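Coordinates from final.cif are shown below (mmCIF, C-alpha atoms).
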data_data
#
loop_
_atom_site.label_atom_id
_atom_site.label_comp_id
_atom_site.auth_asym_id
_atom_site.auth_seq_id
_atom_site.Cartn_x
_atom_site.Cartn_y
_atom_site.Cartn_z
CA MET D 977 -19.47 4.46 -44.09
CA ASP D 978 -18.73 0.70 -44.13
CA GLU D 979 -19.09 -1.56 -41.08
CA SER D 980 -15.38 -1.43 -40.18
CA GLY D 981 -15.54 2.37 -40.18
CA ASN D 982 -18.50 2.28 -37.81
CA GLU D 983 -16.56 -0.02 -35.49
CA ASP D 984 -13.57 2.34 -35.50
CA VAL D 985 -15.80 5.27 -34.55
CA LEU D 986 -17.42 3.22 -31.78
CA GLU D 987 -14.04 2.29 -30.33
CA LEU D 988 -12.91 5.93 -30.39
CA VAL D 989 -16.03 6.88 -28.44
CA LEU D 990 -15.64 4.04 -25.93
CA GLU D 991 -11.98 4.90 -25.37
CA ARG D 992 -13.17 8.22 -23.97
CA VAL D 993 -15.39 6.66 -21.31
CA ASP D 994 -14.00 8.26 -18.19
CA SER D 995 -13.87 5.37 -15.72
CA HIS D 996 -13.48 1.65 -15.38
CA VAL D 997 -16.93 1.39 -13.75
CA SER D 998 -18.59 3.35 -16.57
CA LEU D 999 -16.90 1.08 -19.11
CA ILE D 1000 -18.47 -1.99 -17.47
CA ARG D 1001 -21.86 -0.28 -17.62
CA ALA D 1002 -21.32 0.58 -21.28
CA ALA D 1003 -20.64 -3.09 -22.02
CA ALA D 1004 -24.15 -3.90 -20.77
CA VAL D 1005 -25.84 -1.65 -23.36
CA CYS D 1006 -25.83 -4.21 -26.18
CA LYS D 1007 -23.89 -7.14 -27.64
CA ARG D 1008 -22.11 -4.94 -30.17
CA TRP D 1009 -20.72 -2.64 -27.46
CA ARG D 1010 -19.77 -5.59 -25.30
CA ARG D 1011 -17.94 -7.24 -28.21
CA ALA D 1012 -15.99 -4.04 -28.90
CA ILE D 1013 -15.07 -3.55 -25.23
CA ALA D 1014 -14.11 -7.19 -24.70
CA ASP D 1015 -11.58 -7.07 -27.55
CA ALA D 1016 -8.05 -7.51 -26.17
CA ALA D 1017 -6.57 -4.74 -28.32
CA PHE D 1018 -9.24 -2.29 -27.16
CA LEU D 1019 -8.72 -3.19 -23.48
CA ARG D 1020 -4.96 -2.74 -23.86
CA ARG D 1021 -5.42 0.74 -25.37
CA TYR D 1022 -7.99 1.71 -22.75
CA ARG D 1023 -5.66 0.62 -19.94
CA SER D 1024 -2.87 2.79 -21.34
CA LEU D 1025 -5.14 5.87 -21.49
CA HIS D 1026 -6.86 5.68 -18.10
CA ALA D 1027 -5.70 5.31 -14.52
CA PRO D 1028 -6.82 2.16 -12.68
CA ALA D 1029 -10.16 2.38 -10.87
CA VAL D 1030 -9.60 2.50 -7.10
CA ALA D 1031 -12.35 0.65 -5.26
CA GLY D 1032 -11.13 1.82 -1.84
CA GLY D 1033 -8.64 0.46 0.62
CA TYR D 1034 -7.99 -1.55 3.75
CA GLY D 1035 -6.89 -0.25 7.11
CA TYR D 1036 -7.51 -0.69 10.80
CA GLY D 1037 -9.57 1.16 13.35
CA VAL D 1038 -7.77 3.65 15.53
CA GLY D 1039 -8.68 1.87 18.79
CA ASP D 1040 -8.55 -1.85 19.48
CA ARG D 1041 -10.48 -2.81 16.33
CA ARG D 1042 -7.34 -4.42 14.85
CA SER D 1043 -7.49 -7.41 17.21
CA ARG D 1044 -11.29 -7.74 17.05
CA VAL D 1045 -12.25 -7.44 13.38
CA GLY D 1046 -9.02 -7.41 11.37
CA PRO D 1047 -8.62 -5.30 8.21
CA VAL D 1048 -11.54 -2.96 7.50
CA PHE D 1049 -12.47 -1.92 3.94
CA ALA D 1050 -13.39 1.71 3.23
CA PRO D 1051 -14.85 2.39 -0.27
CA SER D 1052 -13.53 5.31 -2.28
CA SER D 1053 -17.12 6.16 -3.27
CA PRO D 1054 -19.80 4.56 -1.05
CA SER D 1055 -22.51 5.38 -3.61
CA VAL D 1056 -20.69 3.32 -6.28
CA VAL D 1057 -18.77 0.63 -4.38
CA ASP D 1058 -20.53 -1.71 -1.94
CA ALA D 1059 -18.05 -2.47 0.88
CA ARG D 1060 -19.74 -5.82 1.53
CA HIS D 1061 -18.25 -7.18 -1.71
CA PHE D 1062 -14.74 -6.56 -0.31
CA SER D 1063 -15.17 -8.44 2.95
CA LEU D 1064 -12.33 -10.81 3.90
CA ASP D 1065 -14.59 -13.24 5.75
CA PHE D 1066 -13.84 -15.92 3.14
CA LEU D 1067 -10.25 -16.32 4.41
CA PRO D 1068 -9.48 -19.31 6.68
CA GLY D 1069 -10.38 -18.40 10.24
CA GLY D 1070 -12.06 -15.14 9.18
CA ALA D 1071 -10.69 -11.64 8.62
CA ALA D 1072 -9.58 -11.14 12.24
CA SER D 1073 -6.99 -13.93 11.82
CA TRP D 1074 -5.04 -11.98 9.17
CA ILE D 1075 -2.92 -8.85 8.84
CA VAL D 1076 -2.43 -7.07 5.50
CA ARG D 1077 1.26 -6.78 4.60
CA ASP D 1078 0.95 -5.38 1.08
CA SER D 1079 -1.46 -4.58 -1.73
CA ARG D 1080 -1.02 -4.15 -5.45
CA SER D 1081 -3.73 -3.58 -8.04
CA SER D 1082 -6.69 -5.76 -6.94
CA LEU D 1083 -4.61 -8.18 -4.81
CA LEU D 1084 -3.83 -8.29 -1.10
CA LEU D 1085 -0.95 -10.12 0.56
CA LEU D 1086 -1.77 -11.17 4.12
CA CYS D 1087 0.08 -12.95 6.92
CA HIS D 1088 -1.53 -14.80 9.79
CA ALA D 1089 -1.79 -12.67 12.92
CA GLU D 1090 0.58 -15.02 14.77
CA PHE D 1091 3.41 -13.65 12.62
CA GLN D 1092 3.38 -10.50 14.77
CA VAL D 1093 4.49 -12.65 17.70
CA PHE D 1094 6.74 -15.18 15.92
CA PRO D 1095 8.59 -13.36 13.07
CA SER D 1096 11.42 -15.92 13.20
CA PHE D 1097 9.21 -18.43 11.35
CA PHE D 1098 7.91 -18.15 7.79
CA PRO D 1099 4.26 -17.16 8.30
CA ASP D 1100 1.08 -18.72 7.08
CA MET D 1101 0.55 -16.43 4.08
CA VAL D 1102 -2.08 -15.92 1.38
CA VAL D 1103 -2.58 -13.70 -1.66
CA CYS D 1104 -6.23 -12.98 -2.33
CA GLU D 1105 -8.54 -11.06 -4.65
CA PRO D 1106 -11.38 -9.87 -2.39
CA LEU D 1107 -13.95 -9.07 -5.08
CA ILE D 1108 -14.00 -12.64 -6.42
CA ARG D 1109 -13.40 -14.15 -2.92
CA HIS D 1110 -10.50 -16.36 -3.99
CA TYR D 1111 -7.09 -16.81 -2.39
CA ARG D 1112 -3.85 -18.75 -2.90
CA ARG D 1113 -1.61 -19.99 -0.11
CA ILE D 1114 2.08 -19.09 -0.28
CA HIS D 1115 4.33 -21.93 0.83
CA PRO D 1116 7.80 -21.20 2.26
CA PRO D 1117 11.04 -21.73 0.35
CA ALA D 1118 12.63 -25.09 1.07
CA ASP D 1119 16.17 -23.77 1.57
CA LEU D 1120 15.77 -21.12 4.29
CA ALA D 1121 16.82 -23.21 7.28
CA ASP D 1122 19.38 -20.56 8.26
CA ALA D 1123 16.91 -17.67 8.09
CA ARG D 1124 16.40 -16.12 11.52
CA TYR D 1125 13.99 -13.25 10.94
CA PHE D 1126 11.44 -12.59 8.18
CA TRP D 1127 11.17 -8.84 7.75
CA GLN D 1128 9.29 -7.72 4.62
CA PHE D 1129 6.93 -9.32 2.10
CA CYS D 1130 6.07 -7.42 -1.10
CA LEU D 1131 3.76 -8.09 -4.04
CA ILE D 1132 5.57 -7.72 -7.38
CA ASP D 1133 4.01 -7.58 -10.86
CA GLY D 1134 4.05 -10.66 -13.04
CA GLU D 1135 4.28 -10.56 -16.83
CA ALA D 1136 2.17 -8.15 -18.89
CA ASP D 1137 -0.76 -9.87 -20.59
CA GLU D 1138 -2.55 -9.13 -23.86
CA VAL D 1139 -5.09 -6.75 -22.26
CA GLY D 1140 -2.53 -4.61 -20.44
CA GLY D 1141 -2.72 -6.25 -17.02
CA CYS D 1142 0.49 -7.01 -15.12
CA ILE D 1143 -0.76 -8.71 -11.98
CA SER D 1144 -3.60 -11.06 -11.12
CA LEU D 1145 -4.27 -14.07 -8.92
CA SER D 1146 -2.61 -16.30 -11.54
CA ASN D 1147 0.14 -13.83 -12.44
CA PHE D 1148 2.01 -12.33 -9.49
CA ARG D 1149 5.34 -12.56 -7.67
CA VAL D 1150 6.23 -12.20 -3.99
CA LEU D 1151 9.51 -10.77 -2.70
CA CYS D 1152 10.60 -11.97 0.73
CA MET D 1153 13.26 -10.03 2.66
CA PHE D 1154 14.82 -11.99 5.50
CA ILE D 1155 17.83 -12.03 7.78
CA CYS D 1156 20.45 -14.74 7.48
CA ARG D 1157 23.68 -14.60 9.54
CA GLY D 1158 23.13 -10.91 10.23
CA PHE D 1159 22.76 -9.89 6.56
CA MET D 1160 19.70 -8.94 4.55
CA HIS D 1161 18.73 -11.33 1.75
CA THR D 1162 15.85 -11.53 -0.71
CA ALA D 1163 14.02 -14.46 -2.32
CA MET D 1164 11.49 -14.16 -5.15
CA LEU D 1165 8.44 -16.33 -5.66
CA SER D 1166 8.03 -16.52 -9.44
CA THR D 1167 4.82 -16.53 -11.46
CA GLY D 1168 5.16 -20.31 -11.61
CA PHE D 1169 4.62 -20.30 -7.83
CA THR D 1170 8.06 -21.67 -7.02
CA TRP D 1171 10.80 -19.80 -5.17
CA ASN D 1172 13.63 -18.82 -7.48
CA GLU D 1173 16.94 -19.61 -5.77
CA LYS D 1174 18.87 -17.46 -8.25
CA SER D 1175 17.08 -14.33 -7.01
CA ILE D 1176 18.49 -14.63 -3.47
CA CYS D 1177 20.96 -11.81 -3.03
CA HIS D 1178 22.19 -9.19 -0.58
CA ALA D 1179 19.68 -6.33 -0.58
CA ALA D 1180 21.45 -4.44 2.20
CA PRO D 1181 24.83 -5.01 3.85
CA ASN D 1182 23.45 -5.25 7.38
CA PHE D 1183 19.93 -5.61 8.73
CA TYR D 1184 20.67 -3.56 11.81
CA SER D 1185 21.43 -0.50 9.67
CA THR D 1186 18.28 -0.77 7.50
CA ASN D 1187 14.96 1.04 8.10
CA PHE D 1188 11.72 0.58 6.19
CA LEU D 1189 10.49 4.10 5.33
CA GLY D 1190 7.20 3.47 3.54
CA ARG D 1191 5.40 2.99 0.22
CA ALA D 1192 4.81 5.53 -2.53
CA GLY D 1193 4.27 5.58 -6.28
CA GLY D 1194 4.37 1.80 -6.67
CA SER D 1195 7.66 1.44 -4.80
CA ARG D 1196 8.93 0.66 -1.31
CA TYR D 1197 11.61 2.79 0.27
CA PHE D 1198 14.34 1.86 2.72
CA CYS D 1199 17.14 3.75 4.42
CA VAL D 1200 20.43 1.86 4.49
CA GLU D 1201 23.39 2.82 6.68
CA GLY D 1202 22.21 6.35 7.32
CA ARG D 1203 22.48 8.17 4.02
CA THR D 1204 21.44 5.71 1.29
CA LEU D 1205 17.86 5.69 0.03
CA VAL D 1206 16.99 2.28 -1.49
CA ASN D 1207 13.94 2.03 -3.75
CA LEU D 1208 12.27 -1.33 -4.51
CA ASP D 1209 10.35 -0.99 -7.79
CA CYS D 1210 7.30 -3.24 -7.33
CA SER D 1211 6.66 -3.43 -11.07
CA THR D 1212 10.05 -5.06 -11.77
CA GLY D 1213 11.33 -6.30 -8.40
CA ASP D 1214 14.58 -4.37 -8.88
CA PHE D 1215 16.40 -2.34 -6.22
CA MET D 1216 17.83 1.11 -6.96
CA SER D 1217 19.77 3.37 -4.63
CA SER D 1218 20.42 7.10 -4.30
CA ALA D 1219 21.71 9.48 -1.65
CA LEU D 1220 19.30 10.76 0.97
CA PRO D 1221 18.95 14.54 1.00
CA ALA D 1222 20.94 16.51 3.56
CA ILE D 1223 18.02 17.13 5.92
CA GLU D 1224 18.85 18.27 9.44
CA ASP D 1225 17.80 16.37 12.57
CA LEU D 1226 17.14 12.99 10.91
CA ASP D 1227 17.23 10.09 13.37
CA PHE D 1228 18.35 6.87 11.66
CA ASP D 1229 17.92 4.56 14.67
CA GLN D 1230 15.44 1.73 13.98
CA GLU D 1231 13.54 2.34 17.21
CA THR D 1232 13.38 6.15 17.08
CA CYS D 1233 13.50 6.91 13.32
CA ASN D 1234 11.71 10.26 12.86
CA PHE D 1235 11.10 10.32 9.10
CA PHE D 1236 9.22 8.25 6.55
CA VAL D 1237 8.18 8.18 2.88
CA THR D 1238 4.60 8.40 1.64
CA GLU D 1239 2.67 9.62 -1.39
CA LEU D 1240 0.30 12.56 -1.60
CA ARG D 1241 -2.44 13.19 -4.17
CA ASP D 1242 0.13 13.60 -6.93
CA GLY D 1243 1.10 9.93 -6.46
CA LYS D 1244 4.78 10.85 -6.03
CA PRO D 1245 7.06 10.01 -3.09
CA HIS D 1246 7.51 12.62 -0.36
CA ILE D 1247 9.77 12.52 2.69
CA ILE D 1248 8.01 13.46 5.93
CA THR D 1249 10.09 14.43 8.98
CA MET D 1250 8.98 14.96 12.58
CA PHE D 1251 11.26 16.80 15.00
CA ARG D 1252 10.39 18.85 18.09
CA ASN D 1253 6.67 18.83 17.22
CA THR D 1254 7.35 20.20 13.73
CA VAL D 1255 6.30 18.27 10.62
CA LYS D 1256 8.11 19.00 7.36
CA VAL D 1257 7.17 17.73 3.90
CA PHE D 1258 9.94 17.35 1.30
CA THR D 1259 9.26 16.79 -2.40
CA ARG D 1260 11.58 15.60 -5.15
CA LEU D 1261 12.07 17.75 -8.22
CA ASP D 1262 12.45 16.35 -11.74
CA SER D 1263 16.20 16.89 -11.33
CA GLY D 1264 16.20 14.43 -8.41
CA GLU D 1265 16.84 17.13 -5.78
CA TRP D 1266 14.75 17.01 -2.60
CA VAL D 1267 13.39 20.38 -1.43
CA LEU D 1268 11.23 21.53 1.49
CA ALA D 1269 7.65 22.00 0.25
CA LYS D 1270 5.86 22.92 3.48
CA SER D 1271 6.01 22.61 7.26
CA VAL D 1272 3.71 23.01 10.25
CA MET D 1273 3.97 23.26 14.05
CA LEU D 1274 1.72 20.58 15.56
CA PRO D 1275 0.58 22.67 18.56
CA GLU D 1276 -0.61 25.37 16.16
CA VAL D 1277 -2.85 23.07 14.08
CA THR D 1278 -4.28 21.12 17.04
CA HIS D 1279 -4.93 23.79 19.69
CA ARG D 1280 -8.60 24.17 18.67
CA LEU D 1281 -9.31 20.42 18.87
CA PRO D 1282 -11.45 19.21 21.81
CA GLY D 1283 -9.34 17.92 24.68
CA TYR D 1284 -6.19 19.79 23.63
CA LYS D 1285 -3.64 20.57 26.35
CA ALA D 1286 -0.39 22.41 25.81
CA SER D 1287 1.35 19.83 28.01
CA PHE D 1288 0.66 17.18 25.36
CA PHE D 1289 3.53 18.70 23.39
CA ASP D 1290 6.10 18.79 26.19
CA SER D 1291 7.47 15.58 24.65
CA GLY D 1292 7.39 14.14 21.14
CA GLN D 1293 4.54 12.49 19.24
CA ASP D 1294 4.06 8.78 18.55
CA ILE D 1295 3.01 7.66 15.06
CA LEU D 1296 0.07 5.26 15.46
CA VAL D 1297 -0.93 4.82 11.81
CA ARG D 1298 0.50 6.22 8.59
CA GLY D 1299 -0.80 5.87 5.09
CA PRO D 1300 -1.06 7.67 1.74
CA GLY D 1301 -1.34 11.36 2.56
CA PHE D 1302 -2.05 11.13 6.29
CA VAL D 1303 -0.60 10.21 9.67
CA ILE D 1304 -2.35 9.53 12.99
CA LEU D 1305 -0.45 10.75 16.03
CA SER D 1306 -0.67 10.68 19.81
CA PRO D 1307 1.40 12.60 22.38
CA GLN D 1308 4.10 10.73 24.28
CA SER D 1309 3.26 12.65 27.47
CA ALA D 1310 2.19 10.66 30.53
CA GLU D 1311 -0.83 12.94 30.98
CA SER D 1312 -2.24 11.89 27.62
CA TRP D 1313 -1.80 8.15 28.20
CA LEU D 1314 -3.23 8.27 31.74
CA SER D 1315 -6.53 9.59 30.42
CA ALA D 1316 -9.38 7.14 29.88
CA GLU D 1317 -8.95 7.43 26.13
CA SER D 1318 -5.58 8.70 24.97
CA TRP D 1319 -5.75 11.81 22.80
CA LYS D 1320 -5.22 10.99 19.12
CA TYR D 1321 -5.40 13.16 16.04
CA SER D 1322 -5.03 12.78 12.30
CA LEU D 1323 -2.88 15.13 10.19
CA ASP D 1324 -3.63 15.55 6.48
CA LEU D 1325 -0.19 15.81 4.88
CA GLU D 1326 -1.62 17.55 1.82
CA THR D 1327 -3.43 20.40 3.60
CA LEU D 1328 -1.60 20.16 6.97
CA GLU D 1329 -4.98 20.30 8.73
CA ALA D 1330 -5.70 18.23 11.85
CA GLU D 1331 -8.79 16.52 13.23
CA LEU D 1332 -9.47 14.24 16.17
CA ALA D 1333 -8.98 10.54 15.42
CA THR D 1334 -11.96 8.55 16.64
CA CYS D 1335 -12.41 4.82 17.06
CA ASP D 1336 -14.84 4.64 14.14
CA MET D 1337 -12.30 6.05 11.67
CA LYS D 1338 -11.22 3.71 8.88
CA PRO D 1339 -7.93 5.12 7.59
CA ILE D 1340 -6.93 3.60 4.24
CA VAL D 1341 -3.41 2.19 4.39
CA TYR D 1342 -3.54 -0.42 1.61
CA ARG D 1343 -5.21 0.69 -1.63
CA CYS D 1344 -7.33 -1.80 -3.60
CA GLU D 1345 -8.22 -1.39 -7.28
CA LEU D 1346 -10.93 -3.07 -9.31
CA PRO D 1347 -9.67 -6.18 -11.17
CA TRP D 1348 -8.39 -5.86 -14.72
CA PRO D 1349 -9.67 -6.94 -17.17
CA PRO D 1350 -13.28 -6.34 -16.02
CA ALA D 1351 -15.63 -9.32 -15.78
CA LEU D 1352 -17.93 -8.14 -18.56
CA HIS D 1353 -19.87 -11.41 -18.92
CA ALA D 1354 -20.86 -11.40 -15.25
CA HIS D 1355 -22.20 -7.87 -15.56
CA LEU D 1356 -24.35 -8.79 -18.56
CA ASP D 1357 -25.80 -11.83 -16.79
CA ARG D 1358 -27.04 -9.59 -13.97
#
Could you show the structure in this file as structure tokens?
Amino acid sequence: MDESGNEDVLELVLERVDSHVSLIRAAAVCKRWRRAIADAAFLRRYRSLHAPAVAGGYGYGVGDRRSRVGPVFAPSSPSVVDARHFSLDFLPGGAASWIVRDSRSSLLLLCHAEFQVFPSFFPDMVVCEPLIRHYRRIHPPADLADARYFWQFCLIDGEADEVGGCISLSNFRVLCMFICRGFMHTAMLSTGFTWNEKSICHAAPNFYSTNFLGRAGGSRYFCVEGRTLVNLDCSTGDFMSSALPAIEDLDFDQETCNFFVTELRDGKPHIITMFRNTVKVFTRLDSGEWVLAKSVMLPEVTHRLPGYKASFFDSGQDILVRGPGFVILSPQSAESWLSAESWKYSLDLETLEAELATCDMKPIVYRCELPWPPALHAHLDR
């Protein structure tokens, strides 16, 4: 077999390496393997065959950790991923000064904590890549003098590169949703890091009839005027709309909305409803129809937990934290909140099993992947 044939066989073998991390290790075997793996065509094929490697994710403690330490990283596999490499202490003012607003691939979008108090002003904002400890500041558009309330900020893919990557610290977009004269508008920060005036448009007819429902499958979901489900595709930045399913007992009020969208282990969007202490999970079929997949009575799955009282379910439940495949809840009853430490529990939306939520929990809300393409030269130097 000639040399080119040997290279073809090698590439076929390397394409079957099962993970991003293992591929980096394979590149350290010898120069020949590294040369084959570093080839742009090979990396593009590998990316198309394998799911991105998830390093872990960022969330907040269940207690008052949010104000004290800021976003906390939880590795997907502690034996493989060292959480210290994903610290946000390199950001101006330290991690506690920032709140994560979105994540996509290996990037995080963060706003300064003051934005929670003053949402009428464009926030101090950065996009960072934690593993390489670099960030870029996002400056406000120059023509938003009439904007009165900044509502959502979303990371959007840039242009696909030669190795199959679509987003990086030099190739990303940011979508800003804001209120101007009572209507919802959007503005897009392009990959050239300038705000594109042509992208400002009406995303919803009226802010006061729009609810943010959640993130799932690379999209953000909104409910507009009661029965319209709006999907923001974060790979393209385009909005699409469809009719919400005819589910009973939905509350569309912004303050008391009792349903949201999240993803389970299948990576697909699911609608979760909460009414009279019953949680229902709806899934969407290939035909587009939403159907009830499973449901559970909260008193039934929590009655064996320490500290349980039947009176905790005399009223509804407050959602404290929600993320991919889980929700952390606490009873609205006065008896629960008058206790020294209010009773909180986490519900796994896949298994519908409950466990007590403790202050040392680190629920993952914003997923973080390893950068693509991998830094093969750095690995070899070590």
Resolved residues for the PyMOL selection byres ((chain D and resi 1288-1299) around 9) as a ChimeraX atom specification: /D:1035-1036,1038,1190-1191,1238-1239,1250-1253,1274-1275,1284-1287,1300-1312,1319-1320,1322,1339-1342
Could you list, as a CSV table (one decimal) with C-alpha atoms, in the coordinates of the input, every residue within 10 Å of D:Arg1021, counting all atoms listed in the file and ignoring same-chain residues fewer than 4 positions away?
chain,number,residue,atom,x,y,z
D,991,GLU,CA,-12.0,4.9,-25.4
D,1016,ALA,CA,-8.0,-7.5,-26.2
D,1017,ALA,CA,-6.6,-4.7,-28.3
D,1025,LEU,CA,-5.1,5.9,-21.5
D,1026,HIS,CA,-6.9,5.7,-18.1
D,1139,VAL,CA,-5.1,-6.8,-22.3
D,1140,GLY,CA,-2.5,-4.6,-20.4
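The closest residue to D:Trp1348, picked from D:Glu1105, D:Asp1058, D:Asp1242, D:Glu1265 and counting all atoms listed in the file, is D:Glu1105.
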The PyMOL selection byres ((chain D and resi 1009) around 12) applied to the shown file, residues as a VMD selection string: chain D and resid 982 to 991 999 to 1008 1010 to 1015 1018 1352 1356
Residues selected by the PyMOL selection byres ((chain D and resi 1213) around 12), written as a PyMOL selection string: chain D and resi 1129-1135+1148-1153+1162-1166+1175+1179+1194-1196+1207-1212+1214-1216
Selected residues written out, C-alpha atoms, as a PDB file, in the frame of the given file:
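Heads up, here's the output in out.pdb:
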ATOM      1  CA  PHE D1129       6.930  -9.320   2.100  1.00  0.00           C
ATOM      2  CA  CYS D1130       6.070  -7.420  -1.100  1.00  0.00           C
ATOM      3  CA  LEU D1131       3.760  -8.090  -4.040  1.00  0.00           C
ATOM      4  CA  ILE D1132       5.570  -7.720  -7.380  1.00  0.00           C
ATOM      5  CA  ASP D1133       4.010  -7.580 -10.860  1.00  0.00           C
ATOM      6  CA  GLY D1134       4.050 -10.660 -13.040  1.00  0.00           C
ATOM      7  CA  GLU D1135       4.280 -10.560 -16.830  1.00  0.00           C
ATOM      8  CA  PHE D1148       2.010 -12.330  -9.490  1.00  0.00           C
ATOM      9  CA  ARG D1149       5.340 -12.560  -7.670  1.00  0.00           C
ATOM     10  CA  VAL D1150       6.230 -12.200  -3.990  1.00  0.00           C
ATOM     11  CA  LEU D1151       9.510 -10.770  -2.700  1.00  0.00           C
ATOM     12  CA  CYS D1152      10.600 -11.970   0.730  1.00  0.00           C
ATOM     13  CA  MET D1153      13.260 -10.030   2.660  1.00  0.00           C
ATOM     14  CA  THR D1162      15.850 -11.530  -0.710  1.00  0.00           C
ATOM     15  CA  ALA D1163      14.020 -14.460  -2.320  1.00  0.00           C
ATOM     16  CA  MET D1164      11.490 -14.160  -5.150  1.00  0.00           C
ATOM     17  CA  LEU D1165       8.440 -16.330  -5.660  1.00  0.00           C
ATOM     18  CA  SER D1166       8.030 -16.520  -9.440  1.00  0.00           C
ATOM     19  CA  SER D1175      17.080 -14.330  -7.010  1.00  0.00           C
ATOM     20  CA  ALA D1179      19.680  -6.330  -0.580  1.00  0.00           C
ATOM     21  CA  GLY D1194       4.370   1.800  -6.670  1.00  0.00           C
ATOM     22  CA  SER D1195       7.660   1.440  -4.800  1.00  0.00           C
ATOM     23  CA  ARG D1196       8.930   0.660  -1.310  1.00  0.00           C
ATOM     24  CA  ASN D1207      13.940   2.030  -3.750  1.00  0.00           C
ATOM     25  CA  LEU D1208      12.270  -1.330  -4.510  1.00  0.00           C
ATOM     26  CA  ASP D1209      10.350  -0.990  -7.790  1.00  0.00           C
ATOM     27  CA  CYS D1210       7.300  -3.240  -7.330  1.00  0.00           C
ATOM     28  CA  SER D1211       6.660  -3.430 -11.070  1.00  0.00           C
ATOM     29  CA  THR D1212      10.050  -5.060 -11.770  1.00  0.00           C
ATOM     30  CA  ASP D1214      14.580  -4.370  -8.880  1.00  0.00           C
ATOM     31  CA  PHE D1215      16.400  -2.340  -6.220  1.00  0.00           C
ATOM     32  CA  MET D1216      17.830   1.110  -6.960  1.00  0.00           C
TER      33      MET D1216
END
Among the residues D:Arg1080, D:Asp1137, D:Phe1066, D:Val1237, the one that comes closest to D:Tyr1111 [using all atoms listed in the file]: D:Phe1066
Atomic separation - atom CA of D:Val1102 relative to atom CA of D:Val1045, Å: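 According to the coordinates, atom CA of D:Val1045 and atom CA of D:Val1102 are separated by 17.9 Å.
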Atom CA of D:Thr1249 to atom CA of D:Leu1328, distance in Å rounded to a single decimal: 13.2 Å
Residue nearest D:Ser1073 among D:Pro1245, D:Gly1046, D:Pro1095, D:Pro1282 (counting all atoms listed in the file):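 Distance minimum relative to D:Ser1073 lands on D:Gly1046.
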Coordinates-based distance that separates atom CA of D:Glu1345 from atom CA of D:Pro1054 (Å, one decimal): 14.4 Å
Proximity to D:Pro1117 - best of D:Thr1334, D:Ser995, D:Thr1232, D:Asn1172, all atoms listed in the file: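 Nearest candidate to D:Pro1117 out of D:Thr1334, D:Ser995, D:Thr1232, D:Asn1172: D:Asn1172.
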Residue with smallest distance to D:Met1160 - pool D:Gly1193, D:Tyr1034, D:Pro1350, D:Phe1126, counting all atoms listed in the file: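 For D:Met1160, the nearest of the candidates is D:Phe1126.
Considering the residues D:Arg1260, D:Arg992, D:Ser1082, D:Phe1091 and counting all atoms listed in the file, D:Val1030 has its shortest atom-to-atom contact with D:Ser1082.
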Expected axis-aligned box over every listed atom of stretch 1136-1155 of chain D, 5 Å added per side, centre plus edges in Å to one decimal, as lines of an AutoDock Vina configuration file:
center_x = 6.4
center_y = -10.5
center_z = -8.0
size_x = 32.9
size_y = 21.7
size_z = 41.6
Shell of 7 Å around D:Phe1188, only C-alpha atoms, local chain residues under 2 positions omitted, as a ChimeraX atom specification: /D:1186,1190,1197-1199
Write out N, CA, C and O atoms for stretch 1060-1067 of chain D, as a PDB file, in the frame of the given file.
ATOM      1  N   ARG D1060     -19.489  -4.419   1.199  1.00  0.00           N
ATOM      2  CA  ARG D1060     -19.740  -5.820   1.530  1.00  0.00           C
ATOM      3  C   ARG D1060     -19.069  -6.770   0.546  1.00  0.00           C
ATOM      4  O   ARG D1060     -18.706  -7.901   0.902  1.00  0.00           O
ATOM      5  N   HIS D1061     -18.871  -6.325  -0.696  1.00  0.00           N
ATOM      6  CA  HIS D1061     -18.250  -7.180  -1.710  1.00  0.00           C
ATOM      7  C   HIS D1061     -16.738  -7.308  -1.489  1.00  0.00           C
ATOM      8  O   HIS D1061     -16.083  -8.107  -2.169  1.00  0.00           O
ATOM      9  N   PHE D1062     -16.176  -6.524  -0.564  1.00  0.00           N
ATOM     10  CA  PHE D1062     -14.740  -6.560  -0.310  1.00  0.00           C
ATOM     11  C   PHE D1062     -14.419  -7.097   1.080  1.00  0.00           C
ATOM     12  O   PHE D1062     -13.327  -6.906   1.603  1.00  0.00           O
ATOM     13  N   SER D1063     -15.392  -7.803   1.660  1.00  0.00           N
ATOM     14  CA  SER D1063     -15.170  -8.440   2.950  1.00  0.00           C
ATOM     15  C   SER D1063     -14.125  -9.543   2.822  1.00  0.00           C
ATOM     16  O   SER D1063     -14.018 -10.209   1.790  1.00  0.00           O
ATOM     17  N   LEU D1064     -13.341  -9.749   3.881  1.00  0.00           N
ATOM     18  CA  LEU D1064     -12.330 -10.810   3.900  1.00  0.00           C
ATOM     19  C   LEU D1064     -12.783 -11.999   4.734  1.00  0.00           C
ATOM     20  O   LEU D1064     -11.954 -12.806   5.177  1.00  0.00           O
ATOM     21  N   ASP D1065     -14.101 -12.151   4.915  1.00  0.00           N
ATOM     22  CA  ASP D1065     -14.590 -13.240   5.750  1.00  0.00           C
ATOM     23  C   ASP D1065     -14.436 -14.609   5.093  1.00  0.00           C
ATOM     24  O   ASP D1065     -14.661 -15.633   5.736  1.00  0.00           O
ATOM     25  N   PHE D1066     -14.036 -14.641   3.826  1.00  0.00           N
ATOM     26  CA  PHE D1066     -13.840 -15.920   3.140  1.00  0.00           C
ATOM     27  C   PHE D1066     -12.472 -16.540   3.435  1.00  0.00           C
ATOM     28  O   PHE D1066     -12.210 -17.695   3.089  1.00  0.00           O
ATOM     29  N   LEU D1067     -11.573 -15.793   4.085  1.00  0.00           N
ATOM     30  CA  LEU D1067     -10.250 -16.320   4.410  1.00  0.00           C
ATOM     31  C   LEU D1067     -10.335 -17.325   5.552  1.00  0.00           C
ATOM     32  O   LEU D1067     -11.224 -17.221   6.407  1.00  0.00           O
TER      33      LEU D1067
END
